[in-house]
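Reproduced below: model-v9.tsv, with TSV, N, CA and C atoms.
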```
chain	number	residue	atom	x	y	z
F	1	MET	N	2.24	26.98	-41.21
F	1	MET	CA	3.47	27.68	-40.92
F	1	MET	C	3.48	28.05	-39.44
F	2	PRO	N	4.52	27.63	-38.69
F	2	PRO	CA	4.56	27.91	-37.26
F	2	PRO	C	4.72	29.40	-36.99
F	3	SER	N	4.13	29.81	-35.90
F	3	SER	CA	4.21	31.22	-35.53
F	3	SER	C	5.59	31.52	-34.95
F	4	ARG	N	5.82	32.79	-34.74
F	4	ARG	CA	7.12	33.22	-34.21
F	4	ARG	C	7.35	32.65	-32.82
F	5	VAL	N	6.31	32.60	-32.00
F	5	VAL	CA	6.44	32.08	-30.63
F	5	VAL	C	6.79	30.60	-30.66
F	6	GLU	N	6.13	29.82	-31.53
F	6	GLU	CA	6.41	28.39	-31.64
F	6	GLU	C	7.85	28.16	-32.09
F	7	ARG	N	8.34	28.97	-33.04
F	7	ARG	CA	9.72	28.84	-33.50
F	7	ARG	C	10.71	29.13	-32.37
F	8	GLU	N	10.41	30.16	-31.58
F	8	GLU	CA	11.30	30.50	-30.47
F	8	GLU	C	11.31	29.39	-29.41
F	9	VAL	N	10.14	28.83	-29.13
F	9	VAL	CA	10.07	27.73	-28.16
F	9	VAL	C	10.85	26.54	-28.67
F	10	ASP	N	10.70	26.20	-29.95
F	10	ASP	CA	11.46	25.09	-30.53
F	10	ASP	C	12.96	25.33	-30.45
F	11	GLU	N	13.37	26.57	-30.74
F	11	GLU	CA	14.79	26.90	-30.68
F	11	GLU	C	15.33	26.78	-29.25
F	12	ILE	N	14.56	27.25	-28.28
F	12	ILE	CA	14.97	27.14	-26.87
F	12	ILE	C	15.08	25.69	-26.46
F	13	LEU	N	14.14	24.85	-26.87
F	13	LEU	CA	14.18	23.42	-26.53
F	13	LEU	C	15.38	22.74	-27.18
F	14	ARG	N	15.70	23.10	-28.43
F	14	ARG	CA	16.88	22.52	-29.09
F	14	ARG	C	18.16	22.89	-28.35
F	15	ARG	N	18.27	24.15	-27.95
F	15	ARG	CA	19.45	24.58	-27.20
F	15	ARG	C	19.56	23.84	-25.87
F	16	LEU	N	18.42	23.69	-25.21
F	16	LEU	CA	18.41	23.01	-23.91
F	16	LEU	C	18.84	21.55	-24.05
F	17	GLU	N	18.35	20.86	-25.08
F	17	GLU	CA	18.71	19.47	-25.29
F	17	GLU	C	20.19	19.32	-25.60
F	18	SER	N	20.76	20.25	-26.35
F	18	SER	CA	22.17	20.13	-26.70
F	18	SER	C	23.08	20.48	-25.52
F	19	SER	N	22.58	21.30	-24.59
F	19	SER	CA	23.43	21.70	-23.46
F	19	SER	C	23.40	20.69	-22.32
F	20	LEU	N	22.37	19.83	-22.26
F	20	LEU	CA	22.29	18.84	-21.20
F	20	LEU	C	23.27	17.70	-21.45
F	21	PRO	N	23.92	17.21	-20.38
F	21	PRO	CA	24.80	16.05	-20.57
F	21	PRO	C	23.96	14.80	-20.86
F	22	HIS	N	24.50	13.93	-21.70
F	22	HIS	CA	23.79	12.71	-22.05
F	22	HIS	C	23.93	11.70	-20.92
F	23	GLU	N	22.81	11.06	-20.60
F	23	GLU	CA	22.80	10.07	-19.53
F	23	GLU	C	23.37	8.75	-20.05
F	24	PRO	N	24.26	8.13	-19.30
F	24	PRO	CA	24.81	6.85	-19.76
F	24	PRO	C	23.72	5.80	-19.93
F	25	ARG	N	23.97	4.89	-20.86
F	25	ARG	CA	22.97	3.88	-21.20
F	25	ARG	C	22.63	2.99	-19.99
F	26	MET	N	23.63	2.59	-19.22
F	26	MET	CA	23.38	1.72	-18.06
F	26	MET	C	22.46	2.41	-17.05
F	27	ARG	N	22.65	3.70	-16.85
F	27	ARG	CA	21.83	4.43	-15.90
F	27	ARG	C	20.37	4.48	-16.39
F	28	ARG	N	20.19	4.68	-17.71
F	28	ARG	CA	18.84	4.68	-18.26
F	28	ARG	C	18.17	3.32	-18.10
F	29	VAL	N	18.93	2.25	-18.36
F	29	VAL	CA	18.39	0.90	-18.23
F	29	VAL	C	18.04	0.61	-16.78
F	30	ARG	N	18.94	0.99	-15.86
F	30	ARG	CA	18.70	0.78	-14.44
F	30	ARG	C	17.46	1.52	-13.97
F	31	ARG	N	17.30	2.76	-14.46
F	31	ARG	CA	16.13	3.54	-14.07
F	31	ARG	C	14.84	2.92	-14.60
F	32	ALA	N	14.88	2.42	-15.84
F	32	ALA	CA	13.69	1.79	-16.42
F	32	ALA	C	13.36	0.50	-15.69
F	33	LEU	N	14.38	-0.31	-15.39
F	33	LEU	CA	14.13	-1.57	-14.69
F	33	LEU	C	13.73	-1.33	-13.25
F	34	GLY	N	14.26	-0.28	-12.63
F	34	GLY	CA	13.90	0.02	-11.25
F	34	GLY	C	12.42	0.31	-11.10
F	35	GLY	N	11.85	1.03	-12.04
F	35	GLY	CA	10.42	1.31	-11.99
F	35	GLY	C	9.59	0.04	-12.16
F	36	ALA	N	10.02	-0.81	-13.07
F	36	ALA	CA	9.29	-2.06	-13.30
F	36	ALA	C	9.39	-2.98	-12.10
F	37	LEU	N	10.59	-3.07	-11.52
F	37	LEU	CA	10.78	-3.96	-10.37
F	37	LEU	C	10.03	-3.45	-9.14
F	38	SER	N	9.99	-2.14	-8.96
F	38	SER	CA	9.24	-1.63	-7.80
F	38	SER	C	7.74	-1.86	-8.00
F	39	GLY	N	7.26	-1.78	-9.23
F	39	GLY	CA	5.86	-2.09	-9.48
F	39	GLY	C	5.55	-3.55	-9.21
F	40	LEU	N	6.46	-4.43	-9.60
F	40	LEU	CA	6.28	-5.86	-9.35
F	40	LEU	C	6.30	-6.14	-7.85
F	41	ARG	N	7.23	-5.50	-7.13
F	41	ARG	CA	7.31	-5.69	-5.68
F	41	ARG	C	6.03	-5.21	-5.00
F	42	ASP	N	5.51	-4.05	-5.43
F	42	ASP	CA	4.27	-3.54	-4.84
F	42	ASP	C	3.11	-4.48	-5.11
F	43	ALA	N	3.06	-5.06	-6.31
F	43	ALA	CA	1.97	-5.99	-6.63
F	43	ALA	C	2.07	-7.25	-5.77
F	44	LEU	N	3.28	-7.75	-5.55
F	44	LEU	CA	3.44	-8.94	-4.72
F	44	LEU	C	3.07	-8.66	-3.27
F	45	VAL	N	3.47	-7.51	-2.76
F	45	VAL	CA	3.13	-7.16	-1.38
F	45	VAL	C	1.63	-7.00	-1.24
F	46	HIS	N	0.99	-6.37	-2.22
F	46	HIS	CA	-0.46	-6.17	-2.16
F	46	HIS	C	-1.20	-7.50	-2.19
F	47	SER	N	-0.74	-8.42	-3.04
F	47	SER	CA	-1.42	-9.71	-3.11
F	47	SER	C	-1.13	-10.56	-1.87
F	48	ALA	N	0.06	-10.39	-1.28
F	48	ALA	CA	0.38	-11.15	-0.07
F	48	ALA	C	-0.45	-10.68	1.12
F	49	ARG	N	-0.83	-9.42	1.13
F	49	ARG	CA	-1.66	-8.91	2.22
F	49	ARG	C	-3.07	-9.48	2.17
F	50	ARG	N	-3.51	-9.88	0.99
F	50	ARG	CA	-4.87	-10.39	0.85
F	50	ARG	C	-4.97	-11.88	1.16
F	51	VAL	N	-3.84	-12.56	1.40
F	51	VAL	CA	-3.87	-13.98	1.71
F	51	VAL	C	-4.40	-14.16	3.13
F	52	THR	N	-5.43	-14.97	3.26
F	52	THR	CA	-6.00	-15.23	4.58
F	52	THR	C	-5.50	-16.59	5.07
F	53	ALA	N	-5.75	-16.84	6.35
F	53	ALA	CA	-5.35	-18.12	6.93
F	53	ALA	C	-6.11	-19.27	6.27
F	54	ALA	N	-7.36	-19.04	5.92
F	54	ALA	CA	-8.16	-20.09	5.28
F	54	ALA	C	-7.59	-20.44	3.90
F	55	ASN	N	-7.19	-19.42	3.13
F	55	ASN	CA	-6.61	-19.68	1.81
F	55	ASN	C	-5.30	-20.45	1.94
F	56	ALA	N	-4.48	-20.06	2.92
F	56	ALA	CA	-3.20	-20.74	3.12
F	56	ALA	C	-3.42	-22.19	3.54
F	57	MET	N	-4.44	-22.42	4.36
F	57	MET	CA	-4.73	-23.79	4.80
F	57	MET	C	-5.22	-24.66	3.64
F	58	LEU	N	-6.05	-24.10	2.76
F	58	LEU	CA	-6.50	-24.85	1.58
F	58	LEU	C	-5.33	-25.19	0.67
F	59	LEU	N	-4.43	-24.23	0.49
F	59	LEU	CA	-3.26	-24.49	-0.34
F	59	LEU	C	-2.37	-25.55	0.31
F	60	ALA	N	-2.27	-25.54	1.63
F	60	ALA	CA	-1.47	-26.55	2.33
F	60	ALA	C	-2.05	-27.94	2.13
F	61	PHE	N	-3.39	-28.05	2.23
F	61	PHE	CA	-4.02	-29.35	1.99
F	61	PHE	C	-3.82	-29.81	0.56
F	62	ALA	N	-3.89	-28.88	-0.39
F	62	ALA	CA	-3.67	-29.23	-1.79
F	62	ALA	C	-2.23	-29.72	-1.99
F	63	LEU	N	-1.28	-29.06	-1.34
F	63	LEU	CA	0.11	-29.50	-1.46
F	63	LEU	C	0.31	-30.89	-0.85
F	64	ILE	N	-0.31	-31.13	0.29
F	64	ILE	CA	-0.16	-32.44	0.94
F	64	ILE	C	-0.76	-33.55	0.08
F	65	ILE	N	-1.95	-33.31	-0.44
F	65	ILE	CA	-2.59	-34.32	-1.30
F	65	ILE	C	-1.82	-34.47	-2.60
F	66	GLY	N	-1.33	-33.35	-3.15
F	66	GLY	CA	-0.52	-33.42	-4.37
F	66	GLY	C	0.78	-34.17	-4.15
F	67	SER	N	1.32	-34.06	-2.93
F	67	SER	CA	2.58	-34.77	-2.64
F	67	SER	C	2.37	-36.28	-2.65
F	68	LEU	N	1.18	-36.72	-2.28
F	68	LEU	CA	0.90	-38.16	-2.33
F	68	LEU	C	0.91	-38.67	-3.77
F	69	VAL	N	0.35	-37.87	-4.67
F	69	VAL	CA	0.30	-38.27	-6.08
F	69	VAL	C	1.69	-38.18	-6.71
F	70	VAL	N	2.37	-37.05	-6.48
F	70	VAL	CA	3.69	-36.83	-7.08
F	70	VAL	C	4.72	-37.79	-6.47
F	71	GLY	N	4.54	-38.14	-5.19
F	71	GLY	CA	5.48	-39.05	-4.52
F	71	GLY	C	5.55	-40.41	-5.17
F	72	ARG	N	4.47	-40.85	-5.79
F	72	ARG	CA	4.48	-42.14	-6.48
F	72	ARG	C	5.34	-42.09	-7.74
F	73	LEU	N	5.38	-40.90	-8.37
F	73	LEU	CA	6.15	-40.77	-9.61
F	73	LEU	C	7.59	-40.35	-9.35
F	74	TRP	N	7.78	-39.41	-8.41
F	74	TRP	CA	9.10	-38.86	-8.15
F	74	TRP	C	9.22	-38.65	-6.65
F	75	ASP	N	9.96	-39.51	-6.01
F	75	ASP	CA	9.99	-39.58	-4.55
F	75	ASP	C	10.48	-38.29	-3.90
F	76	ASP	N	11.55	-37.70	-4.43
F	76	ASP	CA	12.12	-36.48	-3.81
F	76	ASP	C	11.17	-35.29	-3.93
F	77	ALA	N	10.54	-35.13	-5.08
F	77	ALA	CA	9.61	-34.02	-5.27
F	77	ALA	C	8.41	-34.17	-4.35
F	78	GLY	N	7.93	-35.40	-4.20
F	78	GLY	CA	6.80	-35.64	-3.31
F	78	GLY	C	7.14	-35.31	-1.87
F	79	ARG	N	8.35	-35.64	-1.45
F	79	ARG	CA	8.79	-35.35	-0.08
F	79	ARG	C	8.89	-33.83	0.14
F	80	LEU	N	9.44	-33.12	-0.86
F	80	LEU	CA	9.54	-31.66	-0.75
F	80	LEU	C	8.15	-31.01	-0.69
F	81	MET	N	7.22	-31.50	-1.51
F	81	MET	CA	5.86	-30.96	-1.48
F	81	MET	C	5.19	-31.22	-0.14
F	82	LEU	N	5.44	-32.40	0.43
F	82	LEU	CA	4.87	-32.72	1.73
F	82	LEU	C	5.42	-31.80	2.81
F	83	ILE	N	6.72	-31.56	2.80
F	83	ILE	CA	7.32	-30.65	3.79
F	83	ILE	C	6.78	-29.24	3.61
F	84	ALA	N	6.67	-28.78	2.36
F	84	ALA	CA	6.13	-27.44	2.11
F	84	ALA	C	4.67	-27.35	2.57
F	85	GLY	N	3.89	-28.39	2.33
F	85	GLY	CA	2.49	-28.39	2.76
F	85	GLY	C	2.34	-28.35	4.26
F	86	VAL	N	3.15	-29.13	4.97
F	86	VAL	CA	3.08	-29.13	6.43
F	86	VAL	C	3.53	-27.78	6.99
F	87	ALA	N	4.61	-27.23	6.40
F	87	ALA	CA	5.08	-25.92	6.86
F	87	ALA	C	4.03	-24.84	6.62
F	88	LEU	N	3.38	-24.89	5.45
F	88	LEU	CA	2.35	-23.91	5.16
F	88	LEU	C	1.14	-24.10	6.07
F	89	PHE	N	0.81	-25.32	6.39
F	89	PHE	CA	-0.30	-25.59	7.31
F	89	PHE	C	0.00	-25.01	8.70
F	90	LEU	N	1.22	-25.21	9.18
F	90	LEU	CA	1.60	-24.65	10.49
F	90	LEU	C	1.59	-23.12	10.45
F	91	LEU	N	2.05	-22.55	9.35
F	91	LEU	CA	2.02	-21.10	9.20
F	91	LEU	C	0.58	-20.59	9.20
F	92	ALA	N	-0.32	-21.31	8.54
F	92	ALA	CA	-1.72	-20.91	8.52
F	92	ALA	C	-2.34	-20.98	9.91
F	93	LEU	N	-1.95	-21.99	10.68
F	93	LEU	CA	-2.44	-22.07	12.07
F	93	LEU	C	-1.98	-20.87	12.88
F	94	VAL	N	-0.71	-20.52	12.74
F	94	VAL	CA	-0.19	-19.36	13.46
F	94	VAL	C	-0.91	-18.09	13.01
F	95	MET	N	-1.15	-17.97	11.70
F	95	MET	CA	-1.86	-16.80	11.18
F	95	MET	C	-3.27	-16.71	11.74
F	96	SER	N	-3.94	-17.86	11.86
F	96	SER	CA	-5.33	-17.83	12.34
F	96	SER	C	-5.39	-17.48	13.82
F	97	PHE	N	-4.40	-17.93	14.62
F	97	PHE	CA	-4.42	-17.59	16.04
F	97	PHE	C	-3.95	-16.17	16.28
F	98	ALA	N	-2.95	-15.74	15.53
F	98	ALA	CA	-2.43	-14.38	15.72
F	98	ALA	C	-3.47	-13.37	15.24
F	99	GLY	N	-3.92	-13.55	14.03
F	99	GLY	CA	-4.95	-12.68	13.48
F	99	GLY	C	-4.60	-11.22	13.57
F	100	ARG	N	-5.55	-10.40	13.23
F	100	ARG	CA	-5.37	-8.96	13.35
F	100	ARG	C	-6.10	-8.50	14.59
F	101	ARG	N	-5.36	-8.04	15.53
F	101	ARG	CA	-5.96	-7.60	16.79
F	101	ARG	C	-6.41	-6.14	16.72
F	102	SER	N	-5.71	-5.34	15.94
F	102	SER	CA	-6.04	-3.93	15.88
F	102	SER	C	-6.82	-3.63	14.60
F	103	LEU	N	-7.54	-2.54	14.63
F	103	LEU	CA	-8.27	-2.11	13.45
F	103	LEU	C	-7.28	-1.59	12.41
F	104	PRO	N	-7.59	-1.76	11.14
F	104	PRO	CA	-6.67	-1.22	10.12
F	104	PRO	C	-6.67	0.31	10.16
F	105	GLU	N	-5.58	0.85	9.70
F	105	GLU	CA	-5.41	2.29	9.70
F	105	GLU	C	-6.40	2.91	8.72
F	106	ARG	N	-7.15	3.92	9.17
F	106	ARG	CA	-8.09	4.59	8.28
F	106	ARG	C	-7.36	5.68	7.52
F	107	ARG	N	-7.56	5.70	6.20
F	107	ARG	CA	-6.88	6.68	5.36
F	107	ARG	C	-7.88	7.36	4.43
F	108	TRP	N	-7.58	8.59	4.10
F	108	TRP	CA	-8.35	9.34	3.13
F	108	TRP	C	-7.36	10.08	2.26
F	109	ARG	N	-7.33	9.73	0.99
F	109	ARG	CA	-6.43	10.33	0.01
F	109	ARG	C	-4.97	10.28	0.46
F	110	GLY	N	-4.60	9.14	0.99
F	110	GLY	CA	-3.22	8.91	1.37
F	110	GLY	C	-2.84	9.44	2.74
F	111	GLN	N	-3.74	10.15	3.39
F	111	GLN	CA	-3.45	10.70	4.71
F	111	GLN	C	-4.15	9.87	5.77
F	112	VAL	N	-3.47	9.65	6.88
F	112	VAL	CA	-4.04	8.88	7.97
F	112	VAL	C	-5.09	9.74	8.68
F	113	ILE	N	-6.26	9.14	8.91
F	113	ILE	CA	-7.32	9.84	9.63
F	113	ILE	C	-7.18	9.45	11.09
F	114	ASP	N	-6.98	10.44	11.93
F	114	ASP	CA	-6.82	10.18	13.36
F	114	ASP	C	-7.83	11.04	14.11
F	115	TYR	N	-8.87	10.39	14.59
F	115	TYR	CA	-9.87	11.14	15.34
F	115	TYR	C	-9.39	11.37	16.76
F	116	GLY	N	-8.75	10.41	17.34
F	116	GLY	CA	-8.20	10.55	18.67
F	116	GLY	C	-9.26	10.90	19.71
F	117	ALA	N	-8.86	10.86	20.96
F	117	ALA	CA	-9.76	11.23	22.05
F	117	ALA	C	-9.81	12.75	22.16
F	118	PRO	N	-10.95	13.29	22.58
F	118	PRO	CA	-11.02	14.74	22.72
F	118	PRO	C	-10.10	15.22	23.85
F	119	THR	N	-9.49	16.35	23.61
F	119	THR	CA	-8.60	16.91	24.62
F	119	THR	C	-9.42	17.57	25.72
F	120	LEU	N	-8.75	17.97	26.77
F	120	LEU	CA	-9.43	18.65	27.87
F	120	LEU	C	-10.09	19.93	27.38
F	121	ALA	N	-9.40	20.67	26.52
F	121	ALA	CA	-9.96	21.92	25.99
F	121	ALA	C	-11.22	21.63	25.16
F	122	ASP	N	-11.21	20.56	24.37
F	122	ASP	CA	-12.39	20.20	23.58
F	122	ASP	C	-13.57	19.86	24.48
F	123	ARG	N	-13.30	19.11	25.55
F	123	ARG	CA	-14.39	18.76	26.46
F	123	ARG	C	-14.95	19.98	27.17
F	124	ILE	N	-14.08	20.90	27.56
F	124	ILE	CA	-14.56	22.13	28.21
F	124	ILE	C	-15.39	22.96	27.24
F	125	ARG	N	-14.94	23.08	25.97
F	125	ARG	CA	-15.71	23.82	24.97
F	125	ARG	C	-17.09	23.21	24.75
F	126	SER	N	-17.14	21.88	24.61
F	126	SER	CA	-18.44	21.25	24.37
F	126	SER	C	-19.34	21.40	25.60
F	127	TRP	N	-18.79	21.32	26.81
F	127	TRP	CA	-19.58	21.52	28.02
F	127	TRP	C	-20.12	22.94	28.04
F	128	TRP	N	-19.28	23.93	27.69
F	128	TRP	CA	-19.70	25.33	27.70
F	128	TRP	C	-20.79	25.58	26.65
F	129	ARG	N	-20.63	24.99	25.46
F	129	ARG	CA	-21.66	25.17	24.42
F	129	ARG	C	-22.98	24.55	24.86
F	130	ALA	N	-22.92	23.37	25.45
F	130	ALA	CA	-24.15	22.72	25.91
F	130	ALA	C	-24.82	23.55	26.99
F	131	LYS	N	-24.03	24.12	27.89
F	131	LYS	CA	-24.56	24.94	28.96
F	131	LYS	C	-25.19	26.22	28.40
F	132	SER	N	-24.55	26.83	27.43
F	132	SER	CA	-25.09	28.06	26.84
F	132	SER	C	-26.36	27.76	26.03
F	133	ARG	N	-26.45	26.60	25.42
F	133	ARG	CA	-27.68	26.24	24.70
F	133	ARG	C	-28.83	26.06	25.67
F	134	ARG	N	-28.56	25.46	26.81
F	134	ARG	CA	-29.61	25.28	27.82
F	134	ARG	C	-30.12	26.63	28.31
F	135	ARG	N	-29.21	27.58	28.49
F	135	ARG	CA	-29.61	28.91	28.96
F	135	ARG	C	-30.50	29.61	27.95
F	136	THR	N	-30.16	29.48	26.66
F	136	THR	CA	-30.97	30.17	25.63
F	136	THR	C	-32.34	29.51	25.51
F	137	ARG	N	-32.44	28.20	25.72
F	137	ARG	CA	-33.74	27.54	25.65
F	137	ARG	C	-34.62	27.90	26.84
F	138	GLU	N	-34.04	28.14	27.97
F	138	GLU	CA	-34.80	28.46	29.17
F	138	GLU	C	-35.42	29.85	29.09
F	139	ARG	N	-34.85	30.72	28.31
F	139	ARG	CA	-35.37	32.09	28.21
F	139	ARG	C	-36.60	32.16	27.41
```
Could I get this file's structure written as structure tokens?
Amino acid sequence: MPSRVEREVDEILRRLESSLPHEPRMRRVRRALGGALSGLRDALVHSARRVTAANAMLLAFALIIGSLVVGRLWDDAGRLMLIAGVALFLLALVMSFAGRRSLPERRWRGQVIDYGAPTLADRIRSWWRAKSRRRTRER
């Protein structure tokens, strides 16, 4: 048997549900699909970031060799595969020359870690501390 507090909470929740306007079905569907599509987009972006120039070059060679085989059976498909393979090979070359010049951003729990260069005040403080340590050791 529910206690008096549980009954009151249930009653308050029932009143709250009846007073809220009902969300249209299309809006609920859009909201549900929006979450799924954003998850899919994030997964694609994450996997695209892991593609290296070497992987792209291997895939380009596979497409070029595959185009030779497919070209014997279906001429147009073989030509398209060859164009895609050459384009991917050129893209891989550009990726390998461009590369990553800067270090990746360091993060801790979603926050960017920025050590930065010490300011003038920091350098003066460290100089003063070092000087005071030398004085205490000399005594």
All helix (DSSP H, G or I) residues (DSSP, backbone) inside range 52-137 of chain F, as JSON, numbers by chain
{"F": [53, 54, 55, 56, 57, 58, 59, 60, 61, 62, 63, 64, 65, 66, 67, 68, 69, 70, 71, 72, 73, 75, 76, 77, 78, 79, 80, 81, 82, 83, 84, 85, 86, 87, 88, 89, 90, 91, 92, 93, 94, 95, 96, 97, 98, 120, 121, 122, 123, 124, 125, 126, 127, 128, 129, 130, 131, 132, 133, 134, 135, 136, 137]}
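Atom to atom, atom C of Ile64 in chain F and CA of Leu90 in chain F stand 13.9 Å apart.
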Could you give me the residues within chain F that DSSP places in strand (DSSP E), as number ranges by chain?
F: 107-108, 111-112
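CA of Gly116 in chain F is positioned 27.8 Å from CA of His46 in chain F.
For the atom pair formed by atom N of Met26 in chain F and CA of Leu13 in chain F, the distance is 24.0 Å, given to one decimal.
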Select, from F:Ile65, F:Met57, F:Trp127, F:Val94, the residue with the minimum atom-to-atom distance to Leu82 in chain F, counting only N, CA and C atoms.
F:Ile65
